[in-house]
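The next block is final.pdb, given as PDB, C-alpha atoms.
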```
ATOM      1  CA  MET V 192     -24.659 -16.495  33.628
ATOM      2  CA  ALA V 193     -24.247 -15.736  29.916
ATOM      3  CA  LYS V 194     -21.644 -17.867  28.179
ATOM      4  CA  ARG V 195     -18.828 -15.808  26.721
ATOM      5  CA  LYS V 196     -18.583 -16.223  22.964
ATOM      6  CA  ARG V 197     -15.157 -17.359  21.800
ATOM      7  CA  SER V 198     -13.462 -16.537  18.538
ATOM      8  CA  ARG V 199     -13.228 -19.515  16.192
ATOM      9  CA  THR V 200     -10.135 -18.122  14.516
ATOM     10  CA  ALA V 201      -7.873 -16.963  17.300
ATOM     11  CA  THR V 202      -4.963 -15.016  15.895
ATOM     12  CA  LEU V 203      -1.541 -16.563  16.377
ATOM     13  CA  GLU V 204       0.422 -13.343  15.975
ATOM     14  CA  ARG V 205       1.337 -13.185  19.674
ATOM     15  CA  VAL V 206       1.175 -16.742  20.969
ATOM     16  CA  PRO V 207       2.166 -16.868  24.644
ATOM     17  CA  ILE V 208       4.628 -19.368  26.047
ATOM     18  CA  SER V 209       3.529 -21.743  28.801
ATOM     19  CA  ASP V 210       3.767 -19.902  32.116
ATOM     20  CA  PRO V 211       4.732 -21.537  34.321
ATOM     21  CA  PRO V 212       6.460 -24.158  32.162
ATOM     22  CA  VAL V 213       5.912 -27.837  32.866
ATOM     23  CA  ARG V 214       8.560 -29.266  35.177
ATOM     24  CA  PRO V 215       9.202 -32.908  36.152
ATOM     25  CA  GLY V 216       7.400 -34.176  39.233
ATOM     26  CA  LEU V 217       7.955 -37.271  41.335
ATOM     27  CA  VAL V 218       7.561 -40.551  39.436
ATOM     28  CA  GLY V 219       6.181 -43.452  41.439
ATOM     29  CA  PRO V 220       7.101 -47.133  41.115
ATOM     30  CA  ARG V 221       6.146 -49.281  38.154
ATOM     31  CA  ARG V 222       2.699 -50.815  38.477
ATOM     32  CA  ARG V 223       2.181 -54.555  38.524
ATOM     33  CA  VAL V 224       0.309 -56.666  35.987
ATOM     34  CA  PRO V 225      -1.393 -59.895  37.113
ATOM     35  CA  ARG V 226       0.524 -63.016  36.149
ATOM     36  CA  GLU V 227      -2.323 -64.492  34.114
ATOM     37  CA  ILE V 228      -2.425 -61.590  31.625
ATOM     38  CA  GLU V 229      -0.677 -62.196  28.302
ATOM     39  CA  ARG V 230       2.412 -60.017  27.894
ATOM     40  CA  PRO V 231       4.215 -58.675  24.832
ATOM     41  CA  PRO V 232       7.746 -60.056  24.292
ATOM     42  CA  TYR V 233       9.463 -56.947  25.711
ATOM     43  CA  ALA V 234       7.521 -56.904  28.995
ATOM     44  CA  ARG V 235      10.283 -58.590  30.986
ATOM     45  CA  THR V 236      13.465 -57.260  29.353
ATOM     46  CA  GLY V 237      12.253 -53.909  28.023
ATOM     47  CA  GLU V 238      13.779 -54.608  24.614
ATOM     48  CA  PRO V 239      11.393 -55.173  21.691
ATOM     49  CA  GLY V 240      14.186 -56.119  19.270
ATOM     50  CA  ALA V 241      14.198 -55.378  15.552
ATOM     51  CA  ALA V 242      10.845 -55.060  13.778
ATOM     52  CA  THR V 243      10.269 -58.195  11.689
ATOM     53  CA  SER V 244       6.496 -58.520  11.198
ATOM     54  CA  SER V 245       4.773 -58.056   7.848
ATOM     55  CA  ALA V 246       3.210 -54.652   7.190
ATOM     56  CA  VAL V 247       0.080 -56.472   5.960
ATOM     57  CA  ARG V 248      -1.970 -58.259   8.595
ATOM     58  CA  SER V 249      -3.610 -61.664   8.291
ATOM     59  CA  SER V 250      -7.400 -61.924   8.614
ATOM     60  CA  GLU V 251      -7.013 -63.389  12.120
ATOM     61  CA  GLU V 252      -4.711 -60.532  13.154
ATOM     62  CA  ILE V 253      -7.162 -57.972  11.775
ATOM     63  CA  GLU V 254     -10.001 -59.385  13.855
ATOM     64  CA  ALA V 255      -7.755 -59.327  16.937
ATOM     65  CA  MET V 256      -6.807 -55.725  16.154
ATOM     66  CA  ARG V 257     -10.462 -54.743  15.981
ATOM     67  CA  ARG V 258     -10.906 -56.123  19.508
ATOM     68  CA  ALA V 259      -7.733 -54.436  20.806
ATOM     69  CA  GLY V 260      -8.638 -51.156  19.114
ATOM     70  CA  GLN V 261     -12.138 -51.146  20.548
ATOM     71  CA  MET V 262     -10.769 -51.780  24.021
ATOM     72  CA  ALA V 263      -8.214 -48.979  23.639
ATOM     73  CA  ALA V 264     -11.024 -46.630  22.579
ATOM     74  CA  GLU V 265     -13.120 -47.570  25.612
ATOM     75  CA  VAL V 266     -10.165 -47.091  27.963
ATOM     76  CA  LEU V 267      -9.385 -43.663  26.474
ATOM     77  CA  LEU V 268     -13.015 -42.627  26.974
ATOM     78  CA  PHE V 269     -12.632 -43.759  30.589
ATOM     79  CA  ALA V 270      -9.401 -41.736  30.907
ATOM     80  CA  GLY V 271     -11.134 -38.616  29.634
ATOM     81  CA  LYS V 272     -13.558 -38.725  32.560
ATOM     82  CA  LEU V 273     -10.582 -38.420  34.931
ATOM     83  CA  VAL V 274      -9.291 -35.160  33.457
ATOM     84  CA  ALA V 275      -9.953 -32.233  35.811
ATOM     85  CA  PRO V 276      -8.048 -29.478  37.608
ATOM     86  CA  GLY V 277      -6.209 -30.823  40.652
ATOM     87  CA  VAL V 278      -5.892 -34.390  39.348
ATOM     88  CA  THR V 279      -2.319 -35.683  39.077
ATOM     89  CA  THR V 280      -1.149 -37.479  35.975
ATOM     90  CA  ASP V 281       0.121 -40.294  38.216
ATOM     91  CA  SER V 282      -3.409 -40.869  39.506
ATOM     92  CA  ILE V 283      -4.652 -40.986  35.900
ATOM     93  CA  ASP V 284      -1.983 -43.585  35.146
ATOM     94  CA  ALA V 285      -3.040 -45.631  38.187
ATOM     95  CA  GLU V 286      -6.714 -45.695  37.258
ATOM     96  CA  VAL V 287      -6.094 -46.366  33.577
ATOM     97  CA  HIS V 288      -3.630 -49.139  34.427
ATOM     98  CA  ASP V 289      -6.204 -50.774  36.696
ATOM     99  CA  GLU V 290      -8.895 -50.462  34.016
ATOM    100  CA  ILE V 291      -6.698 -52.105  31.375
ATOM    101  CA  VAL V 292      -5.704 -55.068  33.522
ATOM    102  CA  ARG V 293      -9.295 -55.420  34.789
ATOM    103  CA  ARG V 294     -10.243 -55.984  31.158
ATOM    104  CA  GLY V 295      -7.576 -58.685  30.803
ATOM    105  CA  ALA V 296      -5.092 -56.703  28.693
ATOM    106  CA  TYR V 297      -1.525 -55.449  29.138
ATOM    107  CA  PRO V 298      -0.735 -51.687  29.016
ATOM    108  CA  SER V 299       1.658 -51.655  26.061
ATOM    109  CA  PRO V 300       3.878 -48.718  27.124
ATOM    110  CA  LEU V 301       4.821 -50.426  30.409
ATOM    111  CA  ASN V 302       8.545 -51.292  30.183
ATOM    112  CA  TYR V 303       8.653 -50.713  26.420
ATOM    113  CA  ARG V 304      12.317 -49.742  26.056
ATOM    114  CA  GLY V 305      12.205 -49.181  29.823
ATOM    115  CA  TYR V 306       9.271 -46.741  29.871
ATOM    116  CA  PRO V 307       8.191 -46.708  33.536
ATOM    117  CA  LYS V 308       4.433 -46.138  33.314
ATOM    118  CA  SER V 309       1.300 -47.530  31.652
ATOM    119  CA  VAL V 310       0.165 -44.450  29.703
ATOM    120  CA  CYS V 311       1.788 -41.271  28.371
ATOM    121  CA  THR V 312       0.487 -37.924  29.668
ATOM    122  CA  SER V 313       1.834 -34.895  27.785
ATOM    123  CA  ILE V 314       0.885 -31.481  29.171
ATOM    124  CA  ASN V 315       0.985 -28.102  27.374
ATOM    125  CA  GLU V 316       4.431 -27.747  25.732
ATOM    126  CA  VAL V 317       5.205 -31.457  26.163
ATOM    127  CA  ILE V 318       4.907 -32.897  22.657
ATOM    128  CA  CYS V 319       4.764 -36.595  23.506
ATOM    129  CA  HIS V 320       5.933 -39.372  25.855
ATOM    130  CA  GLY V 321       5.331 -37.384  29.029
ATOM    131  CA  ILE V 322       5.760 -39.643  32.067
ATOM    132  CA  PRO V 323       2.875 -39.539  34.579
ATOM    133  CA  ASP V 324       4.043 -38.010  37.860
ATOM    134  CA  SER V 325       2.974 -35.965  40.869
ATOM    135  CA  ARG V 326       2.152 -32.793  38.904
ATOM    136  CA  ALA V 327      -1.516 -31.840  39.200
ATOM    137  CA  LEU V 328      -3.437 -30.658  36.161
ATOM    138  CA  ALA V 329      -4.362 -26.982  36.307
ATOM    139  CA  ASP V 330      -7.311 -25.081  34.888
ATOM    140  CA  GLY V 331      -6.344 -23.970  31.377
ATOM    141  CA  ASP V 332      -3.939 -26.860  30.706
ATOM    142  CA  ILE V 333      -4.192 -29.175  27.748
ATOM    143  CA  VAL V 334      -3.079 -32.793  28.183
ATOM    144  CA  ASN V 335      -2.618 -35.608  25.695
ATOM    145  CA  ILE V 336      -3.344 -39.078  27.061
ATOM    146  CA  ASP V 337      -1.906 -41.872  24.926
ATOM    147  CA  VAL V 338      -3.394 -45.324  25.555
ATOM    148  CA  THR V 339      -2.181 -48.581  24.010
ATOM    149  CA  VAL V 340      -3.373 -52.044  24.994
ATOM    150  CA  PHE V 341      -1.934 -55.458  24.158
ATOM    151  CA  LEU V 342      -4.742 -57.979  23.731
ATOM    152  CA  ASP V 343      -4.851 -61.336  21.952
ATOM    153  CA  GLY V 344      -1.315 -60.856  20.641
ATOM    154  CA  VAL V 345      -1.762 -57.412  19.041
ATOM    155  CA  HIS V 346      -1.709 -53.726  20.043
ATOM    156  CA  GLY V 347      -4.391 -51.031  19.767
ATOM    157  CA  ASP V 348      -3.017 -47.463  19.984
ATOM    158  CA  THR V 349      -4.930 -44.178  20.338
ATOM    159  CA  SER V 350      -4.602 -40.743  21.933
ATOM    160  CA  VAL V 351      -6.492 -37.487  22.429
ATOM    161  CA  THR V 352      -5.545 -34.039  23.690
ATOM    162  CA  PHE V 353      -8.043 -33.014  26.370
ATOM    163  CA  GLU V 354      -8.820 -29.488  27.558
ATOM    164  CA  VAL V 355      -8.641 -28.981  31.325
ATOM    165  CA  GLY V 356     -11.294 -26.522  32.435
ATOM    166  CA  GLU V 357     -11.343 -23.270  30.464
ATOM    167  CA  VAL V 358      -8.469 -22.964  27.989
ATOM    168  CA  ASP V 359      -7.362 -19.921  26.003
ATOM    169  CA  ASP V 360      -8.311 -19.331  22.374
ATOM    170  CA  HIS V 361      -4.869 -20.287  21.060
ATOM    171  CA  SER V 362      -5.018 -23.669  22.789
ATOM    172  CA  ARG V 363      -8.589 -24.254  21.651
ATOM    173  CA  LEU V 364      -7.596 -23.576  18.041
ATOM    174  CA  LEU V 365      -4.556 -25.843  18.369
ATOM    175  CA  VAL V 366      -6.593 -28.759  19.735
ATOM    176  CA  ARG V 367      -9.380 -28.328  17.199
ATOM    177  CA  GLU V 368      -7.119 -28.108  14.166
ATOM    178  CA  THR V 369      -4.819 -30.936  15.256
ATOM    179  CA  ARG V 370      -7.880 -33.182  15.453
ATOM    180  CA  ALA V 371      -8.976 -31.961  12.022
ATOM    181  CA  ALA V 372      -5.491 -32.600  10.593
ATOM    182  CA  MET V 373      -5.587 -36.194  11.827
ATOM    183  CA  TYR V 374      -8.877 -36.818  10.042
ATOM    184  CA  LEU V 375      -7.601 -35.233   6.843
ATOM    185  CA  GLY V 376      -4.638 -37.612   6.988
ATOM    186  CA  ILE V 377      -6.998 -40.540   7.543
ATOM    187  CA  GLY V 378      -9.014 -39.390   4.529
ATOM    188  CA  ALA V 379      -5.954 -39.815   2.301
ATOM    189  CA  VAL V 380      -5.649 -43.550   3.074
ATOM    190  CA  ARG V 381      -6.542 -46.092   0.394
ATOM    191  CA  ASN V 382      -4.878 -48.965  -1.416
ATOM    192  CA  GLY V 383      -2.166 -47.695  -3.756
ATOM    193  CA  ALA V 384      -1.890 -44.205  -2.272
ATOM    194  CA  ALA V 385       1.611 -43.133  -1.319
ATOM    195  CA  VAL V 386       2.421 -42.649   2.353
ATOM    196  CA  ASN V 387       3.298 -39.032   1.605
ATOM    197  CA  ALA V 388      -0.336 -38.310   0.704
ATOM    198  CA  ILE V 389      -1.037 -38.523   4.436
ATOM    199  CA  GLY V 390       1.738 -36.075   5.266
ATOM    200  CA  ARG V 391       0.657 -33.705   2.500
ATOM    201  CA  ALA V 392      -2.900 -33.523   3.844
ATOM    202  CA  ILE V 393      -1.755 -32.926   7.430
ATOM    203  CA  GLU V 394       0.974 -30.395   6.646
ATOM    204  CA  THR V 395      -1.237 -28.414   4.251
ATOM    205  CA  HIS V 396      -3.864 -28.029   6.963
ATOM    206  CA  ALA V 397      -1.311 -27.140   9.633
ATOM    207  CA  ARG V 398       0.267 -24.436   7.492
ATOM    208  CA  ALA V 399      -3.137 -22.944   6.707
ATOM    209  CA  HIS V 400      -3.561 -22.379  10.439
ATOM    210  CA  ARG V 401       0.048 -21.286  11.068
ATOM    211  CA  LEU V 402       0.805 -24.397  13.112
ATOM    212  CA  GLY V 403       4.110 -26.256  13.208
ATOM    213  CA  VAL V 404       4.412 -29.952  12.341
ATOM    214  CA  VAL V 405       6.745 -32.060  14.492
ATOM    215  CA  ARG V 406       9.026 -34.141  12.262
ATOM    216  CA  GLU V 407      10.990 -36.185  14.807
ATOM    217  CA  PHE V 408       7.987 -38.327  15.847
ATOM    218  CA  ILE V 409       5.789 -40.027  13.273
ATOM    219  CA  GLY V 410       3.054 -42.616  12.840
ATOM    220  CA  HIS V 411       4.045 -46.249  12.611
ATOM    221  CA  GLY V 412       2.981 -49.727  11.676
ATOM    222  CA  VAL V 413       1.272 -51.506  14.541
ATOM    223  CA  GLY V 414       0.001 -55.039  14.991
ATOM    224  CA  THR V 415       1.780 -57.950  16.597
ATOM    225  CA  GLU V 416       4.566 -55.428  17.258
ATOM    226  CA  PHE V 417       4.003 -52.134  19.071
ATOM    227  CA  HIS V 418       6.075 -50.372  16.381
ATOM    228  CA  SER V 419       6.684 -52.212  13.127
ATOM    229  CA  GLY V 420       8.848 -51.084  10.230
ATOM    230  CA  LEU V 421       6.196 -49.062   8.366
ATOM    231  CA  GLN V 422       6.691 -45.309   8.880
ATOM    232  CA  ILE V 423       3.988 -42.650   8.493
ATOM    233  CA  PRO V 424       5.433 -39.092   8.498
ATOM    234  CA  HIS V 425       3.009 -36.247   9.140
ATOM    235  CA  TYR V 426       4.776 -33.905   6.726
ATOM    236  CA  TYR V 427       5.245 -34.107   2.971
ATOM    237  CA  GLU V 428       8.418 -35.261   1.263
ATOM    238  CA  ARG V 429       8.517 -36.642  -2.264
ATOM    239  CA  ASN V 430      10.648 -39.650  -1.359
ATOM    240  CA  HIS V 431       8.121 -40.883   1.228
ATOM    241  CA  ASN V 432       6.401 -42.783  -1.561
ATOM    242  CA  THR V 433       5.846 -46.245  -0.074
ATOM    243  CA  PRO V 434       2.480 -47.416  -1.439
ATOM    244  CA  LEU V 435      -0.211 -48.293   1.065
ATOM    245  CA  GLU V 436      -1.729 -51.748   0.700
ATOM    246  CA  THR V 437      -5.034 -53.268   1.689
ATOM    247  CA  GLY V 438      -4.533 -55.027   5.025
ATOM    248  CA  MET V 439      -1.853 -52.675   6.375
ATOM    249  CA  THR V 440      -2.427 -51.428   9.928
ATOM    250  CA  PHE V 441      -0.740 -48.300  11.243
ATOM    251  CA  THR V 442      -1.221 -45.152  13.291
ATOM    252  CA  ILE V 443      -1.739 -41.584  12.167
ATOM    253  CA  GLU V 444      -0.852 -39.300  15.091
ATOM    254  CA  PRO V 445       0.088 -35.731  14.109
ATOM    255  CA  MET V 446       1.768 -33.507  16.683
ATOM    256  CA  LEU V 447       1.193 -29.838  15.878
ATOM    257  CA  THR V 448       2.585 -26.804  17.687
ATOM    258  CA  LEU V 449       1.556 -23.190  18.261
ATOM    259  CA  GLY V 450       5.130 -22.075  17.641
ATOM    260  CA  SER V 451       8.257 -23.740  16.297
ATOM    261  CA  PRO V 452       8.171 -27.556  16.095
ATOM    262  CA  ASP V 453      11.808 -27.711  17.261
ATOM    263  CA  LEU V 454      12.181 -29.798  20.395
ATOM    264  CA  TYR V 455      14.483 -31.196  23.034
ATOM    265  CA  LEU V 456      14.319 -34.158  25.437
ATOM    266  CA  TRP V 457      14.328 -33.954  29.193
ATOM    267  CA  ASP V 458      16.990 -35.875  31.082
ATOM    268  CA  ASP V 459      14.559 -38.809  31.415
ATOM    269  CA  GLN V 460      15.190 -39.374  27.661
ATOM    270  CA  TRP V 461      11.447 -39.717  27.048
ATOM    271  CA  THR V 462       9.723 -36.373  27.542
ATOM    272  CA  ALA V 463       9.870 -34.310  24.323
ATOM    273  CA  VAL V 464       9.213 -30.579  24.806
ATOM    274  CA  THR V 465       8.933 -27.665  22.378
ATOM    275  CA  ALA V 466      12.116 -25.598  22.398
ATOM    276  CA  ASP V 467      10.183 -22.314  22.518
ATOM    277  CA  GLN V 468       7.820 -23.524  25.306
ATOM    278  CA  ARG V 469       4.718 -23.002  23.186
ATOM    279  CA  ARG V 470       2.007 -25.604  23.325
ATOM    280  CA  SER V 471       1.629 -28.783  21.324
ATOM    281  CA  ALA V 472      -1.338 -31.101  20.701
ATOM    282  CA  GLN V 473      -1.661 -34.640  19.343
ATOM    283  CA  PHE V 474      -4.459 -36.946  18.206
ATOM    284  CA  GLU V 475      -4.061 -40.588  17.183
ATOM    285  CA  HIS V 476      -6.036 -43.467  15.718
ATOM    286  CA  THR V 477      -5.013 -46.942  14.603
ATOM    287  CA  LEU V 478      -6.122 -47.553  11.006
ATOM    288  CA  LEU V 479      -6.709 -50.496   8.672
ATOM    289  CA  CYS V 480      -6.176 -49.759   4.974
ATOM    290  CA  HIS V 481      -8.955 -50.950   2.657
ATOM    291  CA  ASP V 482      -9.147 -50.741  -1.130
ATOM    292  CA  ASP V 483     -10.861 -47.343  -1.055
ATOM    293  CA  ARG V 484     -10.682 -46.016   2.504
ATOM    294  CA  ALA V 485      -9.306 -46.330   6.011
ATOM    295  CA  GLU V 486     -11.146 -48.177   8.741
ATOM    296  CA  ILE V 487     -10.633 -46.605  12.166
ATOM    297  CA  LEU V 488      -9.946 -49.497  14.524
ATOM    298  CA  THR V 489      -9.758 -47.439  17.719
ATOM    299  CA  ARG V 490     -13.467 -46.783  18.145
ATOM    300  CA  THR V 491     -15.988 -48.530  20.368
ATOM    301  CA  PRO V 492     -18.441 -51.086  18.936
ATOM    302  CA  ALA V 493     -20.964 -48.217  18.878
ATOM    303  CA  GLY V 494     -18.577 -46.168  16.725
ATOM    304  CA  GLU V 495     -17.545 -43.714  19.437
ATOM    305  CA  GLY V 496     -14.090 -42.278  20.001
ATOM    306  CA  ALA V 497     -12.767 -39.866  22.598
ATOM    307  CA  ALA V 498     -11.718 -37.443  19.841
ATOM    308  CA  GLU V 499     -15.407 -36.809  19.098
ATOM    309  CA  VAL V 500     -16.974 -37.315  22.528
ATOM    310  CA  TYR V 501     -14.681 -34.751  24.158
ATOM    311  CA  ALA V 502     -14.521 -32.347  21.218
ATOM    312  CA  LYS V 503     -15.162 -28.693  22.030
ATOM    313  CA  GLU V 504     -15.910 -26.166  19.327
TER     314      GLU V 504
END
```

Target encoding structure tokens, full file:
Amino acid sequence: MAKRKRSRTATLERVPISDPPVRPGLVGPRRRVPREIERPPYARTGEPGAATSSAVRSSEEIEAMRRAGQMAAEVLLFAGKLVAPGVTTDSIDAEVHDEIVRRGAYPSPLNYRGYPKSVCTSINEVICHGIPDSRALADGDIVNIDVTVFLDGVHGDTSVTFEVGEVDDHSRLLVRETRAAMYLGIGAVRNGAAVNAIGRAIETHARAHRLGVVREFIGHGVGTEFHSGLQIPHYYERNHNTPLETGMTFTIEPMLTLGSPDLYLWDDQWTAVTADQRRSAQFEHTLLCHDDRAEILTRTPAGEGAAEVYAKE
């Protein structure tokens, strides 16, 4: 059968809302982690406390972050193989959880500020922090899977928005350009550059494609703490002028929308959803700032990442 040619520049003049909208499903019990696996400080209480770590990592921490980032990349590639119509997000959480602990790591989201699951699965108009539940993925959905592992005392954090079956042109454009925006933000990283150079690159690209930029959720420092004090907005403001330094590690994780970036939270106080029910996509890498570039830590030893392996043009 001839493959239907798709437009590479789908017009956004009449972007449909998600129909039917995503609704909460049943959330199963928290999964267990073997006793011998090292845990982050919040694993028992759920409270990470105030961020106190340095924004610049030691050489030992950087090597540990390379290992954690590579593992996170491998686990996200594994997660991508699970994405298919009819698969529940809870079953994805179960298999990813088992894969992480099999590798001797702790799934960082588990009990972070009380979060009940081991990964985040955000479908269609869900912007971020979707809780895996009994809802099955449907043909035409898009779903972001956010994987973070705690290994050797540090965290590796990465996410990709996957297409489920055949998606519409609007969704395809959204996914493609959100991925491109992330890489443009990464391209702005170097020693001495202001943090707002990242936001400028991302927002400029988003506006060129008539996409909204979510402002309430941003990139963050990551290392010995899941979220350290360094903040990485994905939009431009002049006063976001903190200089980047060689040795800093942080995420860039833009969330772009087909409509308005305004949002609200479900009653679970985690799931963030677009107010107009139009779709959102997110991509994320953990980065290490060098003198003249960013090193992407969340790739496999062979240099692979799910953002490229599962890319569809």

So that I can check the surroundings of Ala263 (chain V), please list as a ChimeraX atom specification every protein, DNA and RNA residue that reaches within 8 Å of it, counting all atoms listed in the file and ignoring chain neighbours fewer than 2 positions away. /V:259-261,265-267,338-340,347-349,489-490

Where does the PyMOL selection byres ((chain V and resi 418) around 10) land in this file, that is, which residues does it pick, as a ChimeraX atom specification? /V:239,241-242,244,346,410-417,419-422,441-442

Using all atoms listed in the file, pick whichever of V:Val224, V:Met256, V:Leu364, V:Ala234 has the shortest atom-to-atom distance to Ala502 (chain V). V:Leu364

What lies within 12 Å of Gly305 (chain V) using all atoms listed in the file, ignoring chain neighbours under 6 positions off, as a list in words?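 In the requested format, the answer is Arg221, Tyr233, Ala234, Arg235, Thr236, Gly237, Glu238, Pro239, Ser299, Ile322, Asp459, Gln460 and Trp461 of chain V.
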
Might you spell out which residues the PyMOL selection byres ((chain V and resi 284) around 8) would select in the displayed file, as an MDAnalysis selection string? chainID V and resid 280:283 285:288 308:310 323

To test your reading of the syntax: which residues would the PyMOL selection byres ((chain V and resi 481) around 10) return for the file shown? Reply as a list of chain:residue names.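 Given this file, the PyMOL selection byres ((chain V and resi 481) around 10) evaluates to V:Val380, V:Arg381, V:Asn382, V:Gly383, V:Leu435, V:Glu436, V:Thr437, V:Gly438, V:Met439, V:Thr440, V:Leu478, V:Leu479, V:Cys480, V:Asp482, V:Asp483, V:Arg484, V:Ala485, V:Glu486.
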
Between CA of Gly219 (chain V) and CA of Arg326 (chain V), distance in Å (one decimal):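 A separation of 11.7 Å between them.
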
Taken to one decimal, the CA of Ala255 (chain V)-CA of Arg370 (chain V) distance is 26.2 Å

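Taking all atoms listed in the file, the non-local environment of Ala329 (chain V) within 10 Å (same-chain residues fewer than 2 positions away omitted) comprises Val274, Ala275, Pro276, Gly277, Val278, Thr279, Ile314, Arg326, Ala327, Gly331, Asp332, Ile333, Val355, Gly356 and Glu357 of chain V.
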
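Our summary of the geometry notes that CA of Pro215 (chain V) is positioned 29.4 Å from CA of Thr477 (chain V).
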
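Here the question is which of V:Arg391, V:Asp330, V:Val317, V:Val351 gets nearest to Gly378 (chain V) using only C-alpha atoms, and that residue is V:Arg391.
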
Among the residues V:Leu365, V:Ala384, V:Ile487, V:Leu375, the one that comes closest to Leu402 (chain V) [using all atoms listed in the file]: V:Leu365

So which one's closest to Tyr427 (chain V), V:Asn315, V:Thr491, V:Thr395, V:Ser209? Using all atoms listed in the file, please.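 Selected residue with least distance to Tyr427 (chain V): V:Thr395.
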
If I put a ball of radius 7 Å at (14.3, -31.9, 14.8) in the file's coordinates, which residues poke into it when counting only C-alpha atoms, written as a ChimeraX atom specification? /V:406-407,453-454

Rank V:Thr433, V:Thr352, V:Ser249, V:Thr465 by their smallest atom-to-atom distance to Lys503 (chain V), using only C-alpha atoms, and report the top residue only. V:Thr352

List every protein, DNA or RNA residue that has at least one atom no more than 12 Å from (1.6, -28.7, 9.2) in the file's coordinates, counting only C-alpha atoms, and write the result as a CSV table (one decimal) with C-alpha atoms, keeping the file's coordinate frame.
```
chain,number,residue,atom,x,y,z
V,365,LEU,CA,-4.6,-25.8,18.4
V,368,GLU,CA,-7.1,-28.1,14.2
V,369,THR,CA,-4.8,-30.9,15.3
V,371,ALA,CA,-9.0,-32.0,12.0
V,372,ALA,CA,-5.5,-32.6,10.6
V,373,MET,CA,-5.6,-36.2,11.8
V,375,LEU,CA,-7.6,-35.2,6.8
V,376,GLY,CA,-4.6,-37.6,7.0
V,389,ILE,CA,-1.0,-38.5,4.4
V,390,GLY,CA,1.7,-36.1,5.3
V,391,ARG,CA,0.7,-33.7,2.5
V,392,ALA,CA,-2.9,-33.5,3.8
V,393,ILE,CA,-1.8,-32.9,7.4
V,394,GLU,CA,1.0,-30.4,6.6
V,395,THR,CA,-1.2,-28.4,4.3
V,396,HIS,CA,-3.9,-28.0,7.0
V,397,ALA,CA,-1.3,-27.1,9.6
V,398,ARG,CA,0.3,-24.4,7.5
V,399,ALA,CA,-3.1,-22.9,6.7
V,400,HIS,CA,-3.6,-22.4,10.4
V,401,ARG,CA,0.0,-21.3,11.1
V,402,LEU,CA,0.8,-24.4,13.1
V,403,GLY,CA,4.1,-26.3,13.2
V,404,VAL,CA,4.4,-30.0,12.3
V,405,VAL,CA,6.7,-32.1,14.5
V,406,ARG,CA,9.0,-34.1,12.3
V,424,PRO,CA,5.4,-39.1,8.5
V,425,HIS,CA,3.0,-36.2,9.1
V,426,TYR,CA,4.8,-33.9,6.7
V,427,TYR,CA,5.2,-34.1,3.0
V,445,PRO,CA,0.1,-35.7,14.1
V,446,MET,CA,1.8,-33.5,16.7
V,447,LEU,CA,1.2,-29.8,15.9
V,448,THR,CA,2.6,-26.8,17.7
V,449,LEU,CA,1.6,-23.2,18.3
V,450,GLY,CA,5.1,-22.1,17.6
V,451,SER,CA,8.3,-23.7,16.3
V,452,PRO,CA,8.2,-27.6,16.1
```

Of the candidates V:Val386, V:Val366, V:Val213, V:Ile336, which one gets nearest to Leu273 (chain V) if we count only C-alpha atoms?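 Answer, going by the shortest atom-to-atom distance: V:Ile336.
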
My structure is short of atoms at region 414-421 of chain V; please model N, CA, C and O atoms there, returning them as a PDB file, keeping the file's coordinate frame.
```
ATOM      1  N   GLY V 414       0.697 -53.763  15.118  1.00  0.00           N
ATOM      2  CA  GLY V 414       0.001 -55.039  14.991  1.00  0.00           C
ATOM      3  C   GLY V 414       0.508 -55.981  16.050  1.00  0.00           C
ATOM      4  O   GLY V 414       0.348 -55.736  17.251  1.00  0.00           O
ATOM      5  N   THR V 415       1.166 -57.044  15.629  1.00  0.00           N
ATOM      6  CA  THR V 415       1.780 -57.950  16.597  1.00  0.00           C
ATOM      7  C   THR V 415       2.954 -57.279  17.291  1.00  0.00           C
ATOM      8  O   THR V 415       3.355 -57.693  18.381  1.00  0.00           O
ATOM      9  N   GLU V 416       3.518 -56.249  16.652  1.00  0.00           N
ATOM     10  CA  GLU V 416       4.566 -55.428  17.258  1.00  0.00           C
ATOM     11  C   GLU V 416       3.995 -54.049  17.574  1.00  0.00           C
ATOM     12  O   GLU V 416       3.189 -53.521  16.810  1.00  0.00           O
ATOM     13  N   PHE V 417       4.438 -53.476  18.680  1.00  0.00           N
ATOM     14  CA  PHE V 417       4.003 -52.134  19.071  1.00  0.00           C
ATOM     15  C   PHE V 417       4.388 -51.129  17.981  1.00  0.00           C
ATOM     16  O   PHE V 417       3.589 -50.264  17.607  1.00  0.00           O
ATOM     17  N   HIS V 418       5.608 -51.222  17.480  1.00  0.00           N
ATOM     18  CA  HIS V 418       6.075 -50.372  16.381  1.00  0.00           C
ATOM     19  C   HIS V 418       6.738 -51.268  15.345  1.00  0.00           C
ATOM     20  O   HIS V 418       7.816 -51.813  15.590  1.00  0.00           O
ATOM     21  N   SER V 419       6.083 -51.419  14.199  1.00  0.00           N
ATOM     22  CA  SER V 419       6.684 -52.212  13.127  1.00  0.00           C
ATOM     23  C   SER V 419       7.440 -51.294  12.179  1.00  0.00           C
ATOM     24  O   SER V 419       7.559 -50.094  12.420  1.00  0.00           O
ATOM     25  N   GLY V 420       7.945 -51.843  11.094  1.00  0.00           N
ATOM     26  CA  GLY V 420       8.848 -51.084  10.230  1.00  0.00           C
ATOM     27  C   GLY V 420       8.187 -50.002   9.396  1.00  0.00           C
ATOM     28  O   GLY V 420       8.864 -49.098   8.907  1.00  0.00           O
ATOM     29  N   LEU V 421       6.881 -50.058   9.189  1.00  0.00           N
ATOM     30  CA  LEU V 421       6.196 -49.062   8.366  1.00  0.00           C
ATOM     31  C   LEU V 421       6.222 -47.707   9.055  1.00  0.00           C
ATOM     32  O   LEU V 421       5.867 -47.583  10.225  1.00  0.00           O
TER      33      LEU V 421
END
```
